[in-house]
Structures are given as C-alpha cells and as structure tokens.
>>> print(open('start_33.tsv').read())   # TSV, C-alpha atoms
chain	number	residue	atom	x	y	z
A	28	MET	CA	8.41	-13.69	13.72
A	29	GLU	CA	9.81	-15.93	16.43
A	30	ASN	CA	9.40	-14.40	19.86
A	31	ASN	CA	13.01	-15.05	20.82
A	32	THR	CA	15.74	-12.59	21.71
A	33	ALA	CA	17.94	-14.57	19.34
A	34	SER	CA	16.08	-14.64	16.05
A	35	ARG	CA	16.23	-17.70	13.84
A	36	ARG	CA	18.07	-15.65	11.27
A	37	GLN	CA	20.34	-13.65	13.54
A	38	PHE	CA	23.50	-15.11	12.03
A	39	LEU	CA	23.88	-12.46	9.35
A	40	GLN	CA	26.02	-9.67	10.70
A	41	THR	CA	26.97	-6.34	9.28
A	42	CYS	CA	30.71	-5.80	9.05
A	43	GLY	CA	31.83	-3.45	11.80
A	44	LEU	CA	28.54	-3.69	13.71
A	45	LEU	CA	28.89	-2.63	17.33
A	46	GLY	CA	28.99	-5.74	19.54
A	47	LEU	CA	26.09	-6.04	21.98
A	48	SER	CA	25.38	-8.33	24.91
A	49	VAL	CA	22.35	-8.78	27.12
A	50	ALA	CA	22.49	-10.10	30.67
A	51	ALA	CA	20.14	-13.02	31.28
A	52	GLY	CA	16.79	-11.72	32.40
A	53	GLY	CA	17.83	-8.12	31.77
A	54	VAL	CA	16.27	-5.45	29.62
A	55	LEU	CA	18.16	-4.25	26.58
A	56	PRO	CA	18.58	-0.49	26.60
A	57	ALA	CA	18.54	1.52	23.41
A	58	VAL	CA	22.07	1.63	22.04
A	59	ALA	CA	23.32	4.47	19.85
A	60	GLU	CA	26.54	5.56	18.23
A	61	ALA	CA	27.45	8.40	15.90
A	62	ALA	CA	30.25	9.26	13.52
A	63	ARG	CA	30.99	12.07	11.09
A	64	PHE	CA	32.23	11.68	7.52
A	65	ASP	CA	34.66	14.39	6.33
A	66	GLY	CA	32.91	16.94	8.52
A	67	LYS	CA	29.96	16.94	6.10
A	68	GLU	CA	27.70	14.04	6.99
A	69	HIS	CA	26.64	12.28	10.15
A	70	SER	CA	26.29	8.52	10.46
A	71	ILE	CA	23.87	7.70	13.27
A	72	THR	CA	23.31	4.12	14.42
A	73	GLN	CA	20.67	3.04	16.93
A	74	THR	CA	19.78	-0.44	18.15
A	75	ARG	CA	16.61	-1.56	19.91
A	76	LEU	CA	14.98	-4.83	20.84
A	77	GLN	CA	11.98	-5.22	18.54
A	78	MET	CA	10.17	-8.11	16.84
A	79	GLY	CA	11.93	-10.49	19.24
A	80	THR	CA	15.38	-9.60	17.91
A	81	LEU	CA	17.95	-6.81	17.76
A	82	VAL	CA	17.06	-4.17	15.19
A	83	THR	CA	19.87	-1.84	14.14
A	84	LEU	CA	19.18	1.23	12.01
A	85	THR	CA	21.96	3.34	10.51
A	86	ALA	CA	21.20	6.68	8.86
A	87	VAL	CA	23.63	8.90	6.92
A	88	HIS	CA	22.60	12.54	6.54
A	89	PRO	CA	24.11	16.07	6.68
A	90	SER	CA	21.81	16.91	9.60
A	91	ARG	CA	22.20	14.85	12.75
A	92	ALA	CA	18.85	16.07	14.07
A	93	LYS	CA	17.00	15.03	10.90
A	94	ALA	CA	18.73	11.65	10.90
A	95	GLU	CA	17.72	11.01	14.51
A	96	GLU	CA	14.14	12.09	13.86
A	97	ALA	CA	13.92	9.73	10.87
A	98	LEU	CA	15.30	6.85	12.94
A	99	GLY	CA	12.71	7.48	15.62
A	100	ARG	CA	9.91	7.44	13.04
A	101	ALA	CA	11.21	4.19	11.55
A	102	PHE	CA	11.31	2.52	14.97
A	103	GLU	CA	7.72	3.70	15.54
A	104	GLU	CA	6.66	2.11	12.26
A	105	ILE	CA	8.24	-1.18	13.30
A	106	ASP	CA	6.30	-1.10	16.57
A	107	ARG	CA	3.04	-0.26	14.78
A	108	LEU	CA	3.33	-3.09	12.29
A	109	SER	CA	4.49	-5.60	14.89
A	110	LEU	CA	1.13	-5.17	16.63
A	111	ILE	CA	-0.56	-6.36	13.44
A	112	PHE	CA	1.53	-9.42	12.61
A	113	SER	CA	2.57	-10.99	15.89
A	114	ARG	CA	0.94	-14.35	16.55
A	115	TYR	CA	2.09	-14.35	20.18
A	116	ASP	CA	-0.11	-11.41	21.22
A	117	SER	CA	-3.65	-12.77	21.58
A	118	SER	CA	-5.20	-9.48	20.46
A	119	THR	CA	-3.58	-9.26	17.01
A	120	PRO	CA	-5.54	-10.13	13.85
A	121	VAL	CA	-3.23	-13.08	13.15
A	122	SER	CA	-3.86	-14.51	16.61
A	123	VAL	CA	-7.62	-14.05	16.22
A	124	LEU	CA	-7.49	-15.84	12.86
A	125	ASN	CA	-5.59	-18.79	14.31
A	126	ARG	CA	-7.90	-19.00	17.31
A	127	ASP	CA	-11.28	-18.52	15.63
A	128	GLY	CA	-10.56	-19.62	12.08
A	129	ARG	CA	-11.69	-16.27	10.71
A	130	VAL	CA	-11.04	-12.57	11.14
A	131	SER	CA	-12.75	-9.56	9.56
A	132	GLY	CA	-12.03	-5.86	9.28
A	133	ILE	CA	-8.36	-6.61	8.72
A	134	ASN	CA	-5.70	-3.95	8.21
A	135	PRO	CA	-4.66	-3.29	4.61
A	136	GLU	CA	-1.09	-4.25	5.61
A	137	LEU	CA	-2.24	-7.71	6.69
A	138	ALA	CA	-4.27	-8.14	3.52
A	139	GLU	CA	-1.23	-7.19	1.44
A	140	VAL	CA	1.11	-9.61	3.24
A	141	MET	CA	-1.39	-12.47	3.10
A	142	ASN	CA	-1.91	-11.88	-0.61
A	143	ARG	CA	1.82	-11.81	-1.28
A	144	ALA	CA	2.38	-14.90	0.87
A	145	LEU	CA	-0.13	-16.92	-1.12
A	146	ARG	CA	1.36	-15.66	-4.39
A	147	PHE	CA	4.87	-16.64	-3.27
A	148	GLY	CA	3.46	-20.06	-2.41
A	149	SER	CA	2.27	-20.48	-5.98
A	150	LEU	CA	5.54	-19.13	-7.41
A	151	THR	CA	7.60	-21.63	-5.38
A	152	ASP	CA	5.35	-24.66	-5.99
A	153	ASP	CA	4.30	-24.55	-2.34
A	154	ALA	CA	7.84	-24.63	-0.92
A	155	PHE	CA	6.89	-21.42	0.87
A	156	ASN	CA	3.69	-22.21	2.75
A	157	ILE	CA	2.23	-20.17	5.61
A	158	THR	CA	-0.06	-23.01	6.78
A	159	VAL	CA	2.69	-25.20	8.28
A	160	LYS	CA	1.81	-23.83	11.73
A	161	PRO	CA	0.07	-27.04	12.97
A	162	VAL	CA	3.23	-29.08	12.33
A	163	VAL	CA	5.55	-26.53	13.95
A	164	ASP	CA	3.19	-26.25	16.93
A	165	LEU	CA	3.22	-30.03	17.29
A	166	PHE	CA	7.02	-30.03	17.39
A	167	ARG	CA	6.94	-27.40	20.14
A	168	GLN	CA	4.38	-29.30	22.17
A	169	LYS	CA	6.13	-32.67	21.95
A	170	GLN	CA	9.66	-31.63	22.87
A	171	ASN	CA	10.67	-32.48	26.42
A	172	LEU	CA	13.30	-31.22	28.83
A	173	LYS	CA	15.67	-34.01	27.79
A	174	GLY	CA	15.67	-32.83	24.21
A	175	GLU	CA	13.67	-35.81	23.02
A	176	MET	CA	10.84	-35.70	20.49
A	177	ARG	CA	8.07	-38.23	20.85
A	178	LEU	CA	5.49	-38.06	18.08
A	179	SER	CA	2.82	-40.61	17.33
A	180	GLU	CA	2.02	-41.31	13.69
A	181	ASP	CA	-1.59	-40.25	14.22
A	182	GLU	CA	-0.59	-36.89	15.70
A	183	PHE	CA	1.88	-36.23	12.91
A	184	HIS	CA	-0.56	-37.14	10.12
A	185	GLN	CA	-3.32	-35.04	11.66
A	186	ALA	CA	-0.98	-32.04	11.70
A	187	ILE	CA	0.38	-32.48	8.17
A	188	ASN	CA	-3.14	-32.96	6.80
A	189	LEU	CA	-3.96	-29.43	7.99
A	190	VAL	CA	-1.20	-27.91	5.85
A	191	ASP	CA	-3.11	-26.54	2.87
A	192	ALA	CA	-2.59	-23.06	1.46
A	193	LYS	CA	-5.67	-23.54	-0.72
A	194	GLY	CA	-7.67	-23.65	2.49
A	195	VAL	CA	-6.99	-19.96	3.13
A	196	ALA	CA	-9.84	-17.79	1.84
A	197	LEU	CA	-8.74	-14.17	1.50
A	198	GLY	CA	-11.52	-11.61	1.04
A	199	ARG	CA	-11.40	-7.86	0.59
A	200	ASP	CA	-11.16	-7.23	4.34
A	201	SER	CA	-11.40	-10.70	5.85
A	202	ILE	CA	-9.57	-14.02	6.07
A	203	ARG	CA	-11.10	-17.44	6.69
A	204	LEU	CA	-9.47	-20.81	7.29
A	205	GLN	CA	-11.65	-23.44	5.67
A	206	ARG	CA	-10.80	-26.33	7.99
A	207	GLU	CA	-10.91	-26.49	11.76
A	208	GLY	CA	-7.44	-26.73	13.28
A	209	MET	CA	-5.67	-24.87	10.48
A	210	GLY	CA	-3.35	-22.00	11.33
A	211	VAL	CA	-0.97	-19.61	9.64
A	212	THR	CA	2.47	-18.34	10.52
A	213	LEU	CA	3.82	-15.25	8.82
A	214	ASP	CA	7.28	-15.63	10.38
A	215	GLY	CA	8.89	-16.08	6.97
A	216	ILE	CA	7.48	-12.92	5.39
A	217	ALA	CA	6.17	-10.39	7.94
A	218	LYS	CA	9.52	-9.34	9.38
A	219	GLY	CA	10.87	-8.65	5.91
A	220	TYR	CA	7.77	-6.62	5.09
A	221	ILE	CA	8.20	-4.56	8.25
A	222	VAL	CA	11.87	-3.88	7.45
A	223	ASP	CA	10.91	-2.69	3.97
A	224	LYS	CA	8.30	-0.35	5.44
A	225	ALA	CA	10.83	1.05	7.93
A	226	SER	CA	13.19	1.68	5.02
A	227	ALA	CA	10.42	3.55	3.21
A	228	VAL	CA	9.89	5.74	6.28
A	229	LEU	CA	13.58	6.67	6.37
A	230	SER	CA	13.51	7.61	2.69
A	231	ALA	CA	10.30	9.59	3.14
A	232	HIS	CA	12.09	11.66	5.80
A	233	GLY	CA	14.95	12.47	3.45
A	234	VAL	CA	17.38	9.80	4.68
A	235	ASN	CA	18.07	8.02	1.40
A	236	ARG	CA	21.32	6.47	2.61
A	237	HIS	CA	20.61	3.97	5.33
A	238	MET	CA	20.88	0.37	6.41
A	239	ILE	CA	18.53	-1.77	8.51
A	240	ASN	CA	19.60	-5.03	10.15
A	241	ALA	CA	16.70	-6.81	11.85
A	242	GLY	CA	18.23	-9.99	13.21
A	243	GLY	CA	19.87	-10.74	9.88
A	244	ASP	CA	17.16	-9.40	7.59
A	245	ILE	CA	19.08	-6.56	5.96
A	246	ARG	CA	17.93	-3.66	3.77
A	247	THR	CA	20.41	-1.17	2.32
A	248	SER	CA	19.90	2.12	0.50
A	249	GLY	CA	22.24	4.58	-1.17
A	250	GLY	CA	25.61	3.35	0.02
A	251	LYS	CA	27.47	3.92	3.27
A	252	ALA	CA	29.46	6.89	2.00
A	253	GLU	CA	29.91	8.72	-1.28
A	254	GLY	CA	30.85	6.04	-3.79
A	255	LYS	CA	31.20	3.38	-1.09
A	256	PRO	CA	28.74	0.50	-0.67
A	257	TRP	CA	27.52	-1.15	2.49
A	258	VAL	CA	29.49	-4.35	3.12
A	259	VAL	CA	27.68	-7.34	4.60
A	260	ALA	CA	29.29	-10.53	5.84
A	261	ILE	CA	27.45	-13.84	5.97
A	262	GLN	CA	28.51	-15.66	9.12
A	263	ASP	CA	29.17	-19.37	9.02
A	264	PRO	CA	26.65	-21.53	10.91
A	265	ALA	CA	29.40	-22.73	13.27
A	266	LYS	CA	29.73	-19.12	14.45
A	267	LYS	CA	33.52	-19.23	14.29
A	268	ARG	CA	33.73	-16.01	12.27
A	269	ASN	CA	34.83	-17.93	9.19
A	270	TYR	CA	32.60	-15.86	6.95
A	271	PRO	CA	31.80	-17.82	3.79
A	272	ALA	CA	31.15	-14.64	1.82
A	273	THR	CA	30.98	-10.87	1.96
A	274	ILE	CA	28.93	-8.82	-0.44
A	275	SER	CA	28.81	-5.12	-1.32
A	276	MET	CA	25.40	-3.51	-1.58
A	277	TYR	CA	24.01	-0.10	-2.48
A	278	ASP	CA	20.26	-0.62	-2.86
A	279	GLY	CA	18.80	-3.99	-2.07
A	280	ALA	CA	18.15	-6.64	0.52
A	281	ILE	CA	19.50	-9.91	1.84
A	282	ALA	CA	17.97	-12.50	4.14
A	283	THR	CA	19.03	-15.91	5.38
A	284	SER	CA	17.11	-19.01	6.43
A	285	GLY	CA	18.69	-21.82	8.40
A	286	GLY	CA	17.38	-24.75	10.38
A	287	TYR	CA	19.99	-24.79	13.12
A	288	GLU	CA	18.99	-21.62	15.00
A	289	VAL	CA	15.56	-22.88	16.11
A	290	PHE	CA	15.16	-26.61	16.65
A	291	TYR	CA	13.07	-28.75	18.96
A	292	ASP	CA	15.14	-31.82	19.75
A	293	ARG	CA	18.68	-32.66	20.82
A	294	GLN	CA	19.46	-34.37	17.52
A	295	ARG	CA	18.27	-31.24	15.64
A	296	MET	CA	16.03	-33.25	13.37
A	297	TYR	CA	12.99	-31.05	13.92
A	298	SER	CA	13.22	-27.33	13.22
A	299	HIS	CA	10.86	-24.44	12.45
A	300	LEU	CA	11.53	-24.96	8.73
A	301	VAL	CA	9.14	-27.64	7.55
A	302	SER	CA	8.42	-29.17	4.15
A	303	PRO	CA	4.71	-28.66	3.40
A	304	GLN	CA	4.68	-31.95	1.49
A	305	THR	CA	6.28	-34.25	4.07
A	306	GLY	CA	6.11	-32.35	7.35
A	307	ASN	CA	9.81	-33.02	7.88
A	308	SER	CA	12.64	-30.55	8.29
A	309	PRO	CA	15.20	-30.81	5.44
A	310	HIS	CA	18.73	-31.73	6.53
A	311	SER	CA	21.17	-31.54	3.63
A	312	VAL	CA	21.37	-27.73	3.78
A	313	LEU	CA	22.55	-25.58	6.69
A	314	SER	CA	21.54	-22.16	5.43
A	315	VAL	CA	20.39	-20.21	2.40
A	316	SER	CA	21.10	-16.52	1.81
A	317	VAL	CA	19.16	-14.67	-0.89
A	318	THR	CA	19.60	-11.19	-2.33
A	319	ALA	CA	16.57	-9.44	-3.81
A	320	PRO	CA	15.16	-5.93	-4.24
A	321	THR	CA	13.14	-6.18	-1.00
A	322	VAL	CA	13.64	-7.97	2.31
A	323	MET	CA	10.16	-9.48	2.10
A	324	GLU	CA	11.08	-11.20	-1.14
A	325	ALA	CA	14.56	-12.20	0.02
A	326	ASP	CA	13.04	-13.68	3.18
A	327	THR	CA	10.40	-15.76	1.43
A	328	LEU	CA	12.77	-16.96	-1.29
A	329	ALA	CA	15.40	-17.99	1.28
A	330	THR	CA	12.82	-20.10	3.08
A	331	ALA	CA	11.60	-21.62	-0.18
A	332	VAL	CA	15.09	-22.51	-1.41
A	333	TYR	CA	15.90	-24.09	1.95
A	334	ILE	CA	12.86	-26.34	1.58
A	335	MET	CA	13.67	-27.10	-2.07
A	336	GLN	CA	17.29	-27.93	-1.13
A	337	ALA	CA	20.40	-27.01	-3.09
A	338	ARG	CA	20.00	-28.32	-6.63
A	339	LYS	CA	16.36	-27.49	-7.20
A	340	GLY	CA	16.66	-24.26	-5.25
A	341	LEU	CA	19.57	-22.98	-7.34
A	342	GLN	CA	17.75	-23.83	-10.55
A	343	PHE	CA	14.74	-21.91	-9.28
A	344	ILE	CA	16.75	-18.80	-8.36
A	345	ASP	CA	18.60	-18.89	-11.69
A	346	SER	CA	15.22	-18.73	-13.41
A	347	LEU	CA	14.55	-15.35	-11.77
A	348	THR	CA	16.00	-11.95	-12.65
A	349	ASN	CA	18.08	-9.95	-10.15
A	350	ARG	CA	17.70	-12.59	-7.44
A	351	GLU	CA	20.74	-14.54	-6.26
A	352	CYS	CA	21.50	-17.02	-3.52
A	353	LEU	CA	24.26	-18.81	-1.62
A	354	VAL	CA	23.54	-22.26	-0.20
A	355	LEU	CA	25.71	-23.71	2.58
A	356	GLY	CA	25.53	-27.50	2.73
A	357	ARG	CA	25.99	-29.72	5.76
A	358	ASN	CA	28.85	-31.36	3.89
A	359	GLY	CA	30.81	-28.11	4.16
A	360	ALA	CA	30.32	-27.14	0.52
A	361	ALA	CA	28.96	-23.82	-0.70
A	362	TYR	CA	26.77	-23.54	-3.77
A	363	ALA	CA	26.03	-20.24	-5.47
A	364	SER	CA	23.55	-19.12	-8.10
A	365	ARG	CA	24.84	-17.99	-11.47
A	366	HIS	CA	25.43	-14.31	-10.63
A	367	TRP	CA	25.97	-14.44	-6.88
A	368	GLY	CA	28.35	-11.73	-5.70
A	369	LYS	CA	28.54	-10.00	-9.08
A	370	ALA	CA	27.74	-6.29	-9.20
>>> encode(input="start_33.tsv", output="structure tokens")
Amino acid sequence: MENNTASRRQFLQTCGLLGLSVAAGGVLPAVAEAARFDGKEHSITQTRLQMGTLVTLTAVHPSRAKAEEALGRAFEEIDRLSLIFSRYDSSTPVSVLNRDGRVSGINPELAEVMNRALRFGSLTDDAFNITVKPVVDLFRQKQNLKGEMRLSEDEFHQAINLVDAKGVALGRDSIRLQREGMGVTLDGIAKGYIVDKASAVLSAHGVNRHMINAGGDIRTSGGKAEGKPWVVAIQDPAKKRNYPATISMYDGAIATSGGYEVFYDRQRMYSHLVSPQTGNSPHSVLSVSVTAPTVMEADTLATAVYIMQARKGLQFIDSLTNRECLVLGRNGAAYASRHWGKA
C-alpha cells in the first residue's frame, strides 16, 4: 500500500461518486451522504482517508441505523488490518521483517496473505513477485529534485539479485528472508485483502448490498437497487473523462494496475511496477483492469498482467475461469480478454 493520498490505482471511479477535494496540507474530514429508495431502503455512503487513499463505503439497507453501524465496523476492520500490513509504520510485522530479515509470532492474516502472495507468484510464473522491494527502494533513493534517475550498473545488479521469491521462508507463525538485504512489499495484494475483509464485515452485519471503493480497488455485493447492478467506469489514464469502458456488477471485484500514477523520473521510465526478471518497468501498457471474485485476486492478477504485457497477459487471463481483463496500450489501443464485459 503506497503511503500517498493519491493511490497508484486511484484512477478507477464509481459512476456518480461524490466529488471530493483536499486542500494541500489539510486533513480530510469524514464525508457522508444518504439517499432513500422508494421510501423502503436507505443508501448510506461514507468516505474516509485510510490506507493512504480515499475509501468510500456504500451500504443499502432498510434500516439507516443498522447500515451506519455496519459501515463503522467495516472502517474499524480496515484500520485494524492496516496496522498489520503497512511497511511505513516501523512497528508493523512487515516492517520488522524488512528490517531484521525475520519476524515471529505473526498474525494469521499476515500468514494468509504471504501464503497467497507466494502462490500467486507461482501461478503467474513470477510476474507477481513480492520481493521486488530492493529495486523499487533503489528507484526512490536515486531520484533527484530535477526528475533525473542516476543508477550505476553495480547498484542496479545488486538490487535485482535480491529479487527472489524462493528466498522467503514461511513457517507456521514466522517469516524469514534467506538473504541479507531482501525485502517484501505487499502493496499489490494487501489492500485488496483488506477490502475483501471489510466487505465480509458488512455482510456479517446484514448489509448484503454494498460497494467498497478503496482508491480504485472495488468490491460490489448484491446490486445497487432491486434488479439494478452497480455500474463502474474505468477512467482513461489521461484523466480526460473519456472512459474506455463501463461495466455492470452485482457480486465481484475489479482492480487496476498502471505505471503512470507512481513514477520516479521525469521521463516516467521507472515506476513502482517492476519486472522481477529484468528489474525494469514495462512500457508498452498503460493500465490493466481485472475482474475477479475477490479484490485480492483482481489486484494481484492486474499487477501480473501488467508485467506480462498485453499478448501474454491476455492469454493467461483467458486460461482462467471467471476472470477477465482490459488492457490499455500506450499506442491508444484497448485489448480485452475473451469474455470481458459479458454478463
């Protein structure tokens, strides 16, 4: 999870989402709005700044009080899990692991996410790799105020040689990095996992119709109204509101990965999305949007397809069931998987 107010995937927007703005240096207040459908159901929307991005929860329920209580519980769950996965807070297990090379007594949530991350790495032939942290950290360190990137070959090779998912030893309640200097980043999976858990909290409190938008990581459940789906628009990378696609969703998730939101040089050659094989940031693709049953899976697959690039990525998604993707190329073309946009 990038610790930025503008998340690296904050270019997915829900149709009709209330516009928000934050003054520089200011604190974002909680934002809420409410509507009533046919005098029978309340639609309650609340937005808070969490996980370094804007998180918007919408709950539809006959009881406004129960909807608001469920929203509060879901926001609490997001805060609880954020304290486990953040690598910017020095006290979290992930930070301890990156600092000391080992951590024990880990939370079951961290064990689950680490296990799934390594399994997704195997599924994607290492296109999704949580050990690219040394390369991304090097990019951050070597950028200067002029937007220039000055990397020596030795520095770059030292960093890329530390990228090795097989060097992560996951025990029952511990994690160990087998080589000094290794590090992990769960940015591409943890936020999706947290969104899924928040969705589960809403359902557990009787709010089965809801939507969560965490900086573009979107989870929907049950439809917006009786017989009406949630409608999600995918914003174009140029941010000119020329939406390349809109999709209708009842139960599912969508996430987008793109290399233009977070970059480390003026030429935008170095981004947070890094090939584990080469250490370079791919350039032929602008963004990848993936639909899947969970946000965690959509998030990881979007990152993997971005690294694979369009042709290989589409072939990979087409080999899966009930997973679809839309790839936006830098040449202006859009490429879709076999069943993209089909109900």
>>> closest_residue(input="start_33.tsv", among="A:Gly242, A:Gly174, A:Gly306, A:Gly356", to="Asp292 (chain A)", atoms="all atoms listed in the file")
A:Gly174
>>> closest_residue(input="start_33.tsv", among="A:Asn349, A:Thr305, A:Asn134, A:Gln185", to="Glu207 (chain A)", atoms="all atoms listed in the file")
A:Gln185
>>> residues_around(input="start_33.tsv", residues="region 137-147 of chain A", least_positions_apart="4", cutoff="10 Å", atoms="only C-alpha atoms", output="PyMOL selection string")
chain A and resi 108+111-112+120-121+132-133+151-158+192-193+195+197-202+211+213+215-217+220+323-324+327-328+331
>>> closest_residue(input="start_33.tsv", among="A:Thr348, A:Val162, A:Asp214, A:Val258", to="Leu189 (chain A)", atoms="only C-alpha atoms")
A:Val162
>>> atom_distance(input="start_33.tsv", atom1="CA of His366 (chain A)", atom2="CA of Val315 (chain A)")
15.2 Å
>>> residues_around(input="start_33.tsv", residues="region 203-206 of chain A", least_positions_apart="2", cutoff="6 Å", atoms="only C-alpha atoms", output="NGL selection string")
:A and (128-129 or 194-196 or 209)
>>> atom_distance(input="start_33.tsv", atom1="CA of Gln262 (chain A)", atom2="CA of Ser275 (chain A)")
14.8 Å
>>> axis_aligned_box(input="start_33.tsv", around="region 214-230 of chain A", padding_each_side="4 Å", output="JSON")
{"center_x": 9.9, "center_y": -4.2, "center_z": 6.5, "size_x": 15.4, "size_y": 31.7, "size_z": 15.7}
>>> atom_distance(input="start_33.tsv", atom1="CA of Gln168 (chain A)", atom2="CA of Tyr291 (chain A)")
9.3 Å
